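Chemist: Contents are mmCIF, C-alpha atoms; file name run29.cif:
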data_target
#
loop_
_atom_site.label_atom_id
_atom_site.label_comp_id
_atom_site.auth_asym_id
_atom_site.auth_seq_id
_atom_site.Cartn_x
_atom_site.Cartn_y
_atom_site.Cartn_z
CA MET Z 18 -37.76 8.46 -7.46
CA ASP Z 19 -36.04 11.80 -7.87
CA LEU Z 20 -33.55 13.58 -5.63
CA GLU Z 21 -36.15 15.75 -3.90
CA THR Z 22 -38.38 12.78 -3.02
CA VAL Z 23 -35.48 10.75 -1.60
CA MET Z 24 -34.27 13.70 0.47
CA GLN Z 25 -37.78 14.15 1.90
CA GLU Z 26 -38.02 10.44 2.76
CA LEU Z 27 -34.59 10.47 4.42
CA GLU Z 28 -35.44 13.59 6.41
CA ALA Z 29 -38.65 11.93 7.68
CA LEU Z 30 -36.53 9.00 8.97
CA GLY Z 31 -34.10 11.24 10.86
CA LYS Z 32 -33.70 10.78 14.61
CA GLU Z 33 -32.02 13.24 16.95
CA ARG Z 34 -30.23 10.47 18.86
CA ALA Z 35 -28.64 9.03 15.70
CA LYS Z 36 -27.71 12.54 14.59
CA LYS Z 37 -25.85 13.15 17.87
CA ILE Z 38 -23.99 9.83 17.51
CA TYR Z 39 -22.92 10.62 13.94
CA ILE Z 40 -21.78 14.12 14.94
CA SER Z 41 -19.77 12.69 17.86
CA ASN Z 42 -17.99 10.48 15.30
CA GLY Z 43 -17.11 13.39 13.00
CA ALA Z 44 -20.19 14.09 10.89
CA HIS Z 45 -21.34 17.69 10.50
CA GLU Z 46 -24.39 19.51 9.15
CA PRO Z 47 -26.22 18.95 6.91
CA LEU Z 48 -27.47 15.58 8.16
CA PHE Z 49 -30.75 14.07 9.36
CA GLY Z 50 -29.57 11.18 11.58
CA VAL Z 51 -31.01 8.20 9.72
CA ALA Z 52 -30.25 4.68 11.01
CA THR Z 53 -28.73 2.65 8.18
CA GLY Z 54 -31.28 -0.13 8.58
CA ALA Z 55 -34.10 2.37 8.10
CA MET Z 56 -32.79 3.11 4.60
CA LYS Z 57 -33.45 -0.43 3.32
CA PRO Z 58 -37.11 0.05 2.29
CA ILE Z 59 -36.19 3.07 0.10
CA ALA Z 60 -33.23 1.18 -1.34
CA LYS Z 61 -35.51 -1.72 -2.28
CA LYS Z 62 -37.74 0.64 -4.25
CA ILE Z 63 -34.84 2.28 -6.10
CA LYS Z 64 -32.43 -0.69 -6.41
CA ILE Z 65 -29.39 0.54 -8.39
CA ASN Z 66 -29.38 4.06 -9.82
CA GLN Z 67 -25.98 5.62 -10.47
CA ARG Z 68 -27.31 9.00 -11.67
CA LEU Z 69 -29.39 9.43 -8.51
CA ALA Z 70 -26.48 8.20 -6.38
CA GLU Z 71 -24.26 10.95 -7.84
CA GLU Z 72 -26.90 13.60 -7.14
CA LEU Z 73 -27.32 12.40 -3.56
CA TYR Z 74 -23.57 12.26 -2.91
CA ALA Z 75 -23.13 15.80 -4.24
CA THR Z 76 -25.58 17.22 -1.64
CA GLY Z 77 -22.92 16.98 1.09
CA ASN Z 78 -25.65 15.68 3.42
CA TYR Z 79 -24.18 12.75 5.39
CA ASP Z 80 -27.30 10.57 5.22
CA ALA Z 81 -27.75 11.24 1.49
CA MET Z 82 -24.07 10.42 0.88
CA TYR Z 83 -24.40 7.17 2.82
CA PHE Z 84 -27.54 6.25 0.88
CA ALA Z 85 -25.73 7.06 -2.37
CA GLY Z 86 -23.31 4.24 -1.59
CA ILE Z 87 -26.19 1.78 -1.19
CA ILE Z 88 -27.75 2.52 -4.59
CA ALA Z 89 -24.55 3.23 -6.57
CA ASP Z 90 -23.41 1.03 -9.45
CA PRO Z 91 -19.74 0.40 -8.58
CA LYS Z 92 -18.98 -1.21 -11.94
CA ALA Z 93 -20.14 1.95 -13.74
CA MET Z 94 -17.73 4.12 -11.72
CA THR Z 95 -14.26 5.04 -12.95
CA GLU Z 96 -11.13 5.73 -10.92
CA SER Z 97 -11.79 9.48 -11.22
CA ASP Z 98 -15.34 8.94 -9.91
CA PHE Z 99 -14.01 7.18 -6.83
CA ASP Z 100 -11.38 9.89 -6.36
CA ARG Z 101 -14.10 12.53 -6.56
CA TRP Z 102 -16.15 10.66 -3.95
CA MET Z 103 -13.08 10.48 -1.73
CA ASP Z 104 -12.61 14.25 -2.10
CA GLY Z 105 -16.10 14.65 -0.59
CA ALA Z 106 -15.54 12.06 2.17
CA TYR Z 107 -14.69 14.37 5.05
CA PHE Z 108 -14.55 11.77 7.85
CA TYR Z 109 -13.98 8.06 8.29
CA MET Z 110 -17.62 6.90 8.21
CA LEU Z 111 -17.75 8.16 4.62
CA SER Z 112 -14.25 7.14 3.54
CA ASP Z 113 -14.31 3.63 5.06
CA PHE Z 114 -18.00 2.68 5.09
CA VAL Z 115 -19.29 4.39 1.94
CA VAL Z 116 -16.47 4.96 -0.54
CA ALA Z 117 -14.33 1.94 0.38
CA VAL Z 118 -17.37 -0.34 0.44
CA THR Z 119 -18.59 0.88 -2.96
CA LEU Z 120 -15.07 0.56 -4.40
CA SER Z 121 -14.80 -3.02 -3.11
CA GLU Z 122 -17.62 -4.09 -5.48
CA SER Z 123 -15.88 -2.66 -8.55
CA ASP Z 124 -13.43 -4.39 -10.90
CA ILE Z 125 -10.74 -1.75 -10.25
CA ALA Z 126 -10.88 -2.05 -6.45
CA GLN Z 127 -7.33 -3.26 -5.79
CA ASP Z 128 -5.69 -0.82 -8.25
CA VAL Z 129 -7.44 2.20 -6.74
CA ALA Z 130 -6.96 1.02 -3.13
CA ASP Z 131 -3.22 0.49 -3.77
CA LYS Z 132 -2.85 4.11 -4.88
CA TRP Z 133 -4.80 5.41 -1.89
CA ILE Z 134 -2.69 3.38 0.56
CA THR Z 135 0.49 5.08 -0.70
CA SER Z 136 -1.10 8.55 -1.03
CA GLY Z 137 0.04 9.94 2.33
CA ASP Z 138 -3.48 11.31 2.89
CA GLU Z 139 -5.02 10.02 6.14
CA LEU Z 140 -8.53 9.24 4.91
CA ARG Z 141 -7.42 7.95 1.49
CA MET Z 142 -4.97 5.61 3.22
CA SER Z 143 -7.71 4.54 5.63
CA ALA Z 144 -10.13 3.90 2.75
CA GLY Z 145 -7.49 1.90 0.87
CA TRP Z 146 -6.77 -0.44 3.77
CA SER Z 147 -10.50 -0.66 4.54
CA CYS Z 148 -11.29 -1.58 0.95
CA TYR Z 149 -8.97 -4.59 1.29
CA CYS Z 150 -10.84 -5.58 4.46
CA TRP Z 151 -14.14 -5.59 2.54
CA LEU Z 152 -12.51 -7.46 -0.37
CA LEU Z 153 -10.78 -10.13 1.72
CA GLY Z 154 -13.88 -10.65 3.82
CA ASN Z 155 -16.03 -11.30 0.74
CA ARG Z 156 -14.06 -12.59 -2.25
CA LEU Z 157 -12.43 -15.99 -2.72
CA ASP Z 158 -8.83 -16.35 -1.55
CA ASN Z 159 -7.63 -17.18 -5.06
CA GLU Z 160 -8.64 -13.70 -6.26
CA PHE Z 161 -5.64 -12.22 -4.43
CA SER Z 162 -1.89 -12.39 -4.89
CA GLU Z 163 -0.48 -14.07 -1.81
CA SER Z 164 2.90 -12.36 -2.26
CA LYS Z 165 1.22 -8.95 -2.51
CA ILE Z 166 -0.83 -9.44 0.69
CA SER Z 167 2.32 -10.75 2.39
CA ILE Z 168 4.24 -7.58 1.44
CA MET Z 169 1.33 -5.49 2.75
CA LEU Z 170 1.64 -7.27 6.12
CA ASP Z 171 5.37 -6.39 6.18
CA ILE Z 172 4.65 -2.74 5.35
CA LEU Z 173 1.97 -2.65 8.05
CA LYS Z 174 4.27 -4.13 10.69
CA ASN Z 175 6.89 -1.45 10.04
CA SER Z 176 4.57 1.55 9.75
CA ILE Z 177 1.34 1.11 11.73
CA HIS Z 178 2.56 2.72 14.96
CA HIS Z 179 3.56 5.97 13.24
CA SER Z 180 0.76 6.17 10.67
CA PRO Z 181 -2.03 8.78 10.87
CA GLU Z 182 -4.61 7.99 13.57
CA ARG Z 183 -7.54 6.90 11.39
CA THR Z 184 -5.22 4.93 9.12
CA LYS Z 185 -3.95 2.98 12.15
CA SER Z 186 -7.47 1.78 12.83
CA ALA Z 187 -8.00 0.59 9.23
CA MET Z 188 -4.58 -1.11 9.21
CA ASN Z 189 -5.44 -2.91 12.44
CA ASN Z 190 -8.67 -4.12 10.80
CA PHE Z 191 -6.68 -5.31 7.79
CA LEU Z 192 -4.39 -7.35 10.02
CA TYR Z 193 -7.37 -8.94 11.74
CA THR Z 194 -9.15 -9.58 8.40
CA VAL Z 195 -6.15 -11.29 6.79
CA ALA Z 196 -5.82 -13.57 9.82
CA ILE Z 197 -9.50 -14.56 9.83
CA SER Z 198 -10.62 -14.35 6.20
CA TYR Z 199 -7.50 -15.03 4.08
CA LEU Z 200 -6.35 -18.52 5.00
CA PRO Z 201 -3.10 -18.65 2.94
CA LEU Z 202 -1.55 -16.04 5.25
CA HIS Z 203 -3.38 -16.82 8.48
CA GLU Z 204 -0.23 -17.83 10.35
CA LYS Z 205 1.83 -14.89 9.11
CA ALA Z 206 -0.96 -12.46 10.05
CA VAL Z 207 -1.19 -13.94 13.55
CA GLU Z 208 2.60 -13.61 13.98
CA THR Z 209 2.50 -10.04 12.66
CA ALA Z 210 -0.33 -9.17 15.05
CA LYS Z 211 1.70 -10.57 17.92
CA GLU Z 212 4.71 -8.42 16.95
CA VAL Z 213 2.62 -5.29 16.41
CA GLY Z 214 0.96 -5.62 19.83
CA THR Z 215 -1.34 -2.89 21.09
CA VAL Z 216 -1.94 0.13 18.83
CA GLU Z 217 -2.90 3.46 20.39
CA VAL Z 218 -5.31 5.58 18.34
CA LYS Z 219 -5.50 9.17 19.60
CA ARG Z 220 -8.83 10.96 19.12
CA ASP Z 221 -9.79 14.63 19.29
CA LYS Z 222 -11.37 15.60 22.63
CA LYS Z 223 -11.75 11.93 23.56
CA LYS Z 224 -9.60 9.37 25.31
CA SER Z 225 -7.29 7.30 23.13
CA SER Z 226 -8.56 3.90 22.05
CA PHE Z 227 -6.27 0.89 22.23
CA LEU Z 228 -6.51 -1.79 19.55
CA ASN Z 229 -5.04 -5.26 19.74
CA ALA Z 230 -5.55 -7.34 16.59
CA TYR Z 231 -3.95 -10.43 18.15
CA GLU Z 232 -6.54 -10.56 20.95
CA SER Z 233 -9.41 -9.96 18.49
CA ILE Z 234 -8.11 -12.74 16.21
CA GLN Z 235 -7.94 -15.22 19.11
CA LYS Z 236 -11.53 -14.43 20.10
CA GLU Z 237 -12.78 -15.07 16.57
CA ILE Z 238 -10.82 -18.34 16.30
CA ASP Z 239 -12.40 -19.47 19.59
CA ARG Z 240 -15.82 -18.68 18.09
CA GLY Z 241 -15.07 -20.88 15.08
CA LYS Z 242 -14.91 -17.94 12.64
CA LEU Z 243 -11.68 -18.86 10.86
CA GLY Z 244 -12.23 -18.64 7.10
CA PHE Z 245 -15.28 -16.38 7.48
CA LYS Z 246 -16.53 -14.68 4.30
CA ARG Z 247 -19.41 -12.23 4.04
CA LYS Z 248 -22.13 -13.03 1.51
CA TYR Z 249 -22.71 -9.33 0.77
CA VAL Z 250 -20.60 -6.23 1.36
CA ARG Z 251 -23.26 -3.56 0.94
CA CYS Z 252 -26.42 -3.67 3.04
#
Can you present the structure in this file as structure tokens?

Modeler:
Amino acid sequence: MDLETVMQELEALGKERAKKIYISNGAHEPLFGVATGAMKPIAKKIKINQRLAEELYATGNYDAMYFAGIIADPKAMTESDFDRWMDGAYFYMLSDFVVAVTLSESDIAQDVADKWITSGDELRMSAGWSCYCWLLGNRLDNEFSESKISIMLDILKNSIHHSPERTKSAMNNFLYTVAISYLPLHEKAVETAKEVGTVEVKRDKKKSSFLNAYESIQKEIDRGKLGFKRKYVRC
């Protein structure tokens, strides 16, 4: 399949309702409004194709960029490739659900995510914290340095309330993910969540949302989800 064919297939799957939802979350034209589940049949035909993924991502079309993440070959991508993708990720659904997800399946995931977390750039920071959520929720606990994750919890506790808005949300998810999916620091994460309390995330032209990792953690524990790991990160 070439770029033109894929773009035509994506356009045919576009729905006005999905388009409106994506735009309300920060997407802008060009986009078709394709539900992510509707992309699976095309992905099955293509499987992994890094060259095509790069062409799709470069279109600037939100649906094409999302699909690029599904067919990309993360292990073939370098740090500069991921940085270039981040440069094109203009809102959180791209930074956290396309770039961070793709990065999480690479061998350089933690190194790149660490740099993004300390970058001072809202979406890079958000993608860095999100990448750790995807990693911790999928990989074995022994693939992480306990002392490093512990230090990250300390940094989060001291900085989450005055971090950029989108970064706050990703940090809150990290706190929740450590508590549920990384058992060595479950207790510390629960204590940290208790101390952090409710986090206000301000949003343009919308009411603020209020996040409470401690409450979310308790709900998941009650559902028997402690130690949960995803089988796959990408759809």

Chemist: Can you measure CA of Arg141 (chain Z) to CA of Asn159 (chain Z) for me? One decimal in Å is fine.

Modeler: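 About the pair CA of Arg141 (chain Z) and CA of Asn159 (chain Z): they are 26.0 Å apart.
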
Chemist: Please provide the set of residues having any atom within 6 Å of Ala85 (chain Z), restricted to all atoms listed in the file, with same-chain residues fewer than 3 positions apart removed, written as a list in words.

Modeler: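 Everything that qualifies: Ala70, Leu73, Tyr74, Met82, Ile88 and Ala89 of chain Z.
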
Chemist: For region 170-174 of chain Z, list every protein, DNA or RNA residue within 12 Å, evaluated using only C-alpha atoms, and leave out those in the same chain fewer than 2 positions away; present the list as a ChimeraX atom specification.

Modeler: /Z:134-135,142,146,149,163-168,176-180,184-196,202-216,230

Chemist: Keeping C-alpha atoms for every residue in the selection just given, could you write it to a file as a PDB file, keeping the file's coordinate frame?

Modeler:
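Saved file out-v2.pdb follows:
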ATOM      1  CA  ILE Z 134      -2.690   3.380   0.560  1.00  0.00           C
ATOM      2  CA  THR Z 135       0.490   5.080  -0.700  1.00  0.00           C
ATOM      3  CA  MET Z 142      -4.970   5.610   3.220  1.00  0.00           C
ATOM      4  CA  TRP Z 146      -6.770  -0.440   3.770  1.00  0.00           C
ATOM      5  CA  TYR Z 149      -8.970  -4.590   1.290  1.00  0.00           C
ATOM      6  CA  GLU Z 163      -0.480 -14.070  -1.810  1.00  0.00           C
ATOM      7  CA  SER Z 164       2.900 -12.360  -2.260  1.00  0.00           C
ATOM      8  CA  LYS Z 165       1.220  -8.950  -2.510  1.00  0.00           C
ATOM      9  CA  ILE Z 166      -0.830  -9.440   0.690  1.00  0.00           C
ATOM     10  CA  SER Z 167       2.320 -10.750   2.390  1.00  0.00           C
ATOM     11  CA  ILE Z 168       4.240  -7.580   1.440  1.00  0.00           C
ATOM     12  CA  SER Z 176       4.570   1.550   9.750  1.00  0.00           C
ATOM     13  CA  ILE Z 177       1.340   1.110  11.730  1.00  0.00           C
ATOM     14  CA  HIS Z 178       2.560   2.720  14.960  1.00  0.00           C
ATOM     15  CA  HIS Z 179       3.560   5.970  13.240  1.00  0.00           C
ATOM     16  CA  SER Z 180       0.760   6.170  10.670  1.00  0.00           C
ATOM     17  CA  THR Z 184      -5.220   4.930   9.120  1.00  0.00           C
ATOM     18  CA  LYS Z 185      -3.950   2.980  12.150  1.00  0.00           C
ATOM     19  CA  SER Z 186      -7.470   1.780  12.830  1.00  0.00           C
ATOM     20  CA  ALA Z 187      -8.000   0.590   9.230  1.00  0.00           C
ATOM     21  CA  MET Z 188      -4.580  -1.110   9.210  1.00  0.00           C
ATOM     22  CA  ASN Z 189      -5.440  -2.910  12.440  1.00  0.00           C
ATOM     23  CA  ASN Z 190      -8.670  -4.120  10.800  1.00  0.00           C
ATOM     24  CA  PHE Z 191      -6.680  -5.310   7.790  1.00  0.00           C
ATOM     25  CA  LEU Z 192      -4.390  -7.350  10.020  1.00  0.00           C
ATOM     26  CA  TYR Z 193      -7.370  -8.940  11.740  1.00  0.00           C
ATOM     27  CA  THR Z 194      -9.150  -9.580   8.400  1.00  0.00           C
ATOM     28  CA  VAL Z 195      -6.150 -11.290   6.790  1.00  0.00           C
ATOM     29  CA  ALA Z 196      -5.820 -13.570   9.820  1.00  0.00           C
ATOM     30  CA  LEU Z 202      -1.550 -16.040   5.250  1.00  0.00           C
ATOM     31  CA  HIS Z 203      -3.380 -16.820   8.480  1.00  0.00           C
ATOM     32  CA  GLU Z 204      -0.230 -17.830  10.350  1.00  0.00           C
ATOM     33  CA  LYS Z 205       1.830 -14.890   9.110  1.00  0.00           C
ATOM     34  CA  ALA Z 206      -0.960 -12.460  10.050  1.00  0.00           C
ATOM     35  CA  VAL Z 207      -1.190 -13.940  13.550  1.00  0.00           C
ATOM     36  CA  GLU Z 208       2.600 -13.610  13.980  1.00  0.00           C
ATOM     37  CA  THR Z 209       2.500 -10.040  12.660  1.00  0.00           C
ATOM     38  CA  ALA Z 210      -0.330  -9.170  15.050  1.00  0.00           C
ATOM     39  CA  LYS Z 211       1.700 -10.570  17.920  1.00  0.00           C
ATOM     40  CA  GLU Z 212       4.710  -8.420  16.950  1.00  0.00           C
ATOM     41  CA  VAL Z 213       2.620  -5.290  16.410  1.00  0.00           C
ATOM     42  CA  GLY Z 214       0.960  -5.620  19.830  1.00  0.00           C
ATOM     43  CA  THR Z 215      -1.340  -2.890  21.090  1.00  0.00           C
ATOM     44  CA  VAL Z 216      -1.940   0.130  18.830  1.00  0.00           C
ATOM     45  CA  ALA Z 230      -5.550  -7.340  16.590  1.00  0.00           C
TER      46      ALA Z 230
END

Chemist: Give the answer as one residue: which of Z:Ser225, Z:Ser112, Z:Ser41, Z:Gln127 has the shortest atom-to-atom distance to Leu153 (chain Z), using all atoms listed in the file?

Modeler: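 Looking only at the distances to Leu153 (chain Z), the closest residue turns out to be Z:Gln127.
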
Chemist: Which value, in Å to one decimal, gives the distance between CA of Cys150 (chain Z) and CA of Ile59 (chain Z)?

Modeler: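 Computing it gives 27.1 Å between the two atoms.
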
Chemist: Identify, on the basis of all atoms listed in the file, every residue whose closest approach to region 121-125 of chain Z does not exceed 7 Å; exclude the query and any residue fewer than 2 positions from it along the same chain; express the result as a PyMOL selection string.

Modeler: chain Z and resi 91-92+117-119+127-129+148+151-152

Chemist: Step by step, work through what the PyMOL selection byres ((chain Z and resi 251) around 7) selects in the shown file, and finish by giving those residues as a ChimeraX atom specification.

Modeler: /Z:87,118,249-250,252

Chemist: What does the file look like for those residues with C-alpha atoms, as a PDB file, in the frame of the given file?

Modeler:
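Once everything was written out, this is selection.pdb:
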ATOM      1  CA  ILE Z  87     -26.190   1.780  -1.190  1.00  0.00           C
ATOM      2  CA  VAL Z 118     -17.370  -0.340   0.440  1.00  0.00           C
ATOM      3  CA  TYR Z 249     -22.710  -9.330   0.770  1.00  0.00           C
ATOM      4  CA  VAL Z 250     -20.600  -6.230   1.360  1.00  0.00           C
ATOM      5  CA  CYS Z 252     -26.420  -3.670   3.040  1.00  0.00           C
TER       6      CYS Z 252
END

Chemist: I'd like the neighbourhood of Tyr107 (chain Z) as a list of chain:residue names, where a residue qualifies if any of its atoms comes within 10 Å (using only C-alpha atoms), though same-chain residues fewer than 3 positions away should be ignored.

Modeler: Z:Gly43, Z:Ala44, Z:His45, Z:Gly77, Z:Tyr79, Z:Trp102, Z:Met103, Z:Asp104, Z:Met110, Z:Leu111, Z:Ser112, Z:Leu140

Chemist: Could you please take those selected residues and save C-alpha atoms as a PDB file, in the coordinates of the input?

Modeler:
ATOM      1  CA  GLY Z  43     -17.110  13.390  13.000  1.00  0.00           C
ATOM      2  CA  ALA Z  44     -20.190  14.090  10.890  1.00  0.00           C
ATOM      3  CA  HIS Z  45     -21.340  17.690  10.500  1.00  0.00           C
ATOM      4  CA  GLY Z  77     -22.920  16.980   1.090  1.00  0.00           C
ATOM      5  CA  TYR Z  79     -24.180  12.750   5.390  1.00  0.00           C
ATOM      6  CA  TRP Z 102     -16.150  10.660  -3.950  1.00  0.00           C
ATOM      7  CA  MET Z 103     -13.080  10.480  -1.730  1.00  0.00           C
ATOM      8  CA  ASP Z 104     -12.610  14.250  -2.100  1.00  0.00           C
ATOM      9  CA  MET Z 110     -17.620   6.900   8.210  1.00  0.00           C
ATOM     10  CA  LEU Z 111     -17.750   8.160   4.620  1.00  0.00           C
ATOM     11  CA  SER Z 112     -14.250   7.140   3.540  1.00  0.00           C
ATOM     12  CA  LEU Z 140      -8.530   9.240   4.910  1.00  0.00           C
TER      13      LEU Z 140
END

Chemist: Run the PyMOL selection byres ((chain Z and resi 51) around 7) mentally over the shown coordinates, then write out the matched residues as a PDB file with C-alpha atoms, in the frame of the given file, using the chain letters and numbers from the document.

Modeler:
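File expr08.pdb, as written:
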ATOM      1  CA  LEU Z  27     -34.590  10.470   4.420  1.00  0.00           C
ATOM      2  CA  LEU Z  30     -36.530   9.000   8.970  1.00  0.00           C
ATOM      3  CA  GLY Z  31     -34.100  11.240  10.860  1.00  0.00           C
ATOM      4  CA  LYS Z  32     -33.700  10.780  14.610  1.00  0.00           C
ATOM      5  CA  ALA Z  35     -28.640   9.030  15.700  1.00  0.00           C
ATOM      6  CA  PHE Z  49     -30.750  14.070   9.360  1.00  0.00           C
ATOM      7  CA  GLY Z  50     -29.570  11.180  11.580  1.00  0.00           C
ATOM      8  CA  ALA Z  52     -30.250   4.680  11.010  1.00  0.00           C
ATOM      9  CA  THR Z  53     -28.730   2.650   8.180  1.00  0.00           C
ATOM     10  CA  ALA Z  55     -34.100   2.370   8.100  1.00  0.00           C
ATOM     11  CA  ASP Z  80     -27.300  10.570   5.220  1.00  0.00           C
TER      12      ASP Z  80
END

Chemist: Between Z:Ile65, Z:Leu228, Z:Val218, Z:Val116, which residue has the minimum interatomic distance to Asp100 (chain Z), considering all atoms listed in the file?

Modeler: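 Closest to Asp100 (chain Z), using all atoms listed in the file: Z:Val116.
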
Chemist: Would you list the contacts of Glu21 (chain Z) as a ChimeraX atom specification, taking every protein, DNA or RNA residue within 12 Å and counting only C-alpha atoms, but skipping same-chain residues closer than 2 positions in sequence?

Modeler: /Z:18-19,23-28,69,72-73,76,81

Chemist: Using only C-alpha atoms, please write the residues we just selected to a file, as a short mmCIF file (atom, residue, chain, number, x, y, z; two decimals), keeping the file's coordinate frame.

Modeler:
data_model
loop_
_atom_site.label_atom_id
_atom_site.label_comp_id
_atom_site.auth_asym_id
_atom_site.auth_seq_id
_atom_site.Cartn_x
_atom_site.Cartn_y
_atom_site.Cartn_z
CA MET Z 18 -37.76 8.46 -7.46
CA ASP Z 19 -36.04 11.80 -7.87
CA VAL Z 23 -35.48 10.75 -1.60
CA MET Z 24 -34.27 13.70 0.47
CA GLN Z 25 -37.78 14.15 1.90
CA GLU Z 26 -38.02 10.44 2.76
CA LEU Z 27 -34.59 10.47 4.42
CA GLU Z 28 -35.44 13.59 6.41
CA LEU Z 69 -29.39 9.43 -8.51
CA GLU Z 72 -26.90 13.60 -7.14
CA LEU Z 73 -27.32 12.40 -3.56
CA THR Z 76 -25.58 17.22 -1.64
CA ALA Z 81 -27.75 11.24 1.49
#

Chemist: Restricting the calculation to all atoms listed in the file, which member of Z:Phe245, Z:Ile197, Z:Glu33, Z:Met56 is positioned closest to Ser233 (chain Z)?

Modeler: Z:Ile197

Chemist: Complete the atom set of region 229-248 of chain Z to N, CA and C atoms and return it as a compact mmCIF listing (two decimals), keeping the file's coordinate frame.

Modeler:
# COMPACT_ATOMS: atom_id res chain seq x y z
N ASN Z 229 -5.95 -4.12 19.72
CA ASN Z 229 -5.04 -5.26 19.74
C ASN Z 229 -5.59 -6.34 18.81
N ALA Z 230 -5.05 -6.38 17.59
CA ALA Z 230 -5.55 -7.34 16.59
C ALA Z 230 -5.35 -8.78 17.04
N TYR Z 231 -4.23 -9.05 17.73
CA TYR Z 231 -3.95 -10.43 18.15
C TYR Z 231 -5.06 -10.96 19.07
N GLU Z 232 -5.47 -10.14 20.02
CA GLU Z 232 -6.54 -10.56 20.95
C GLU Z 232 -7.86 -10.76 20.20
N SER Z 233 -8.17 -9.85 19.28
CA SER Z 233 -9.41 -9.96 18.49
C SER Z 233 -9.41 -11.22 17.63
N ILE Z 234 -8.24 -11.54 17.06
CA ILE Z 234 -8.11 -12.74 16.21
C ILE Z 234 -8.37 -13.99 17.05
N GLN Z 235 -7.77 -14.05 18.24
CA GLN Z 235 -7.94 -15.22 19.11
C GLN Z 235 -9.41 -15.43 19.48
N LYS Z 236 -10.11 -14.33 19.76
CA LYS Z 236 -11.53 -14.43 20.10
C LYS Z 236 -12.34 -15.02 18.96
N GLU Z 237 -12.03 -14.57 17.73
CA GLU Z 237 -12.78 -15.07 16.57
C GLU Z 237 -12.45 -16.53 16.28
N ILE Z 238 -11.20 -16.93 16.49
CA ILE Z 238 -10.82 -18.34 16.30
C ILE Z 238 -11.59 -19.20 17.31
N ASP Z 239 -11.66 -18.73 18.55
CA ASP Z 239 -12.40 -19.47 19.59
C ASP Z 239 -13.88 -19.61 19.24
N ARG Z 240 -14.41 -18.63 18.49
CA ARG Z 240 -15.82 -18.68 18.09
C ARG Z 240 -16.03 -19.49 16.80
N GLY Z 241 -14.96 -20.07 16.29
CA GLY Z 241 -15.07 -20.88 15.08
C GLY Z 241 -15.24 -20.08 13.80
N LYS Z 242 -14.71 -18.84 13.78
CA LYS Z 242 -14.91 -17.94 12.64
C LYS Z 242 -13.79 -17.97 11.60
N LEU Z 243 -12.81 -18.81 11.79
CA LEU Z 243 -11.68 -18.86 10.86
C LEU Z 243 -12.18 -19.22 9.45
N GLY Z 244 -11.78 -18.41 8.47
CA GLY Z 244 -12.23 -18.64 7.10
C GLY Z 244 -13.52 -17.93 6.76
N PHE Z 245 -14.00 -17.07 7.67
CA PHE Z 245 -15.28 -16.38 7.48
C PHE Z 245 -15.26 -15.47 6.24
N LYS Z 246 -16.32 -15.57 5.44
CA LYS Z 246 -16.53 -14.68 4.30
C LYS Z 246 -17.96 -14.12 4.36
N ARG Z 247 -18.09 -12.83 4.10
CA ARG Z 247 -19.41 -12.23 4.04
C ARG Z 247 -20.08 -12.58 2.72
N LYS Z 248 -21.39 -12.77 2.76
CA LYS Z 248 -22.13 -13.03 1.51
C LYS Z 248 -22.26 -11.74 0.71
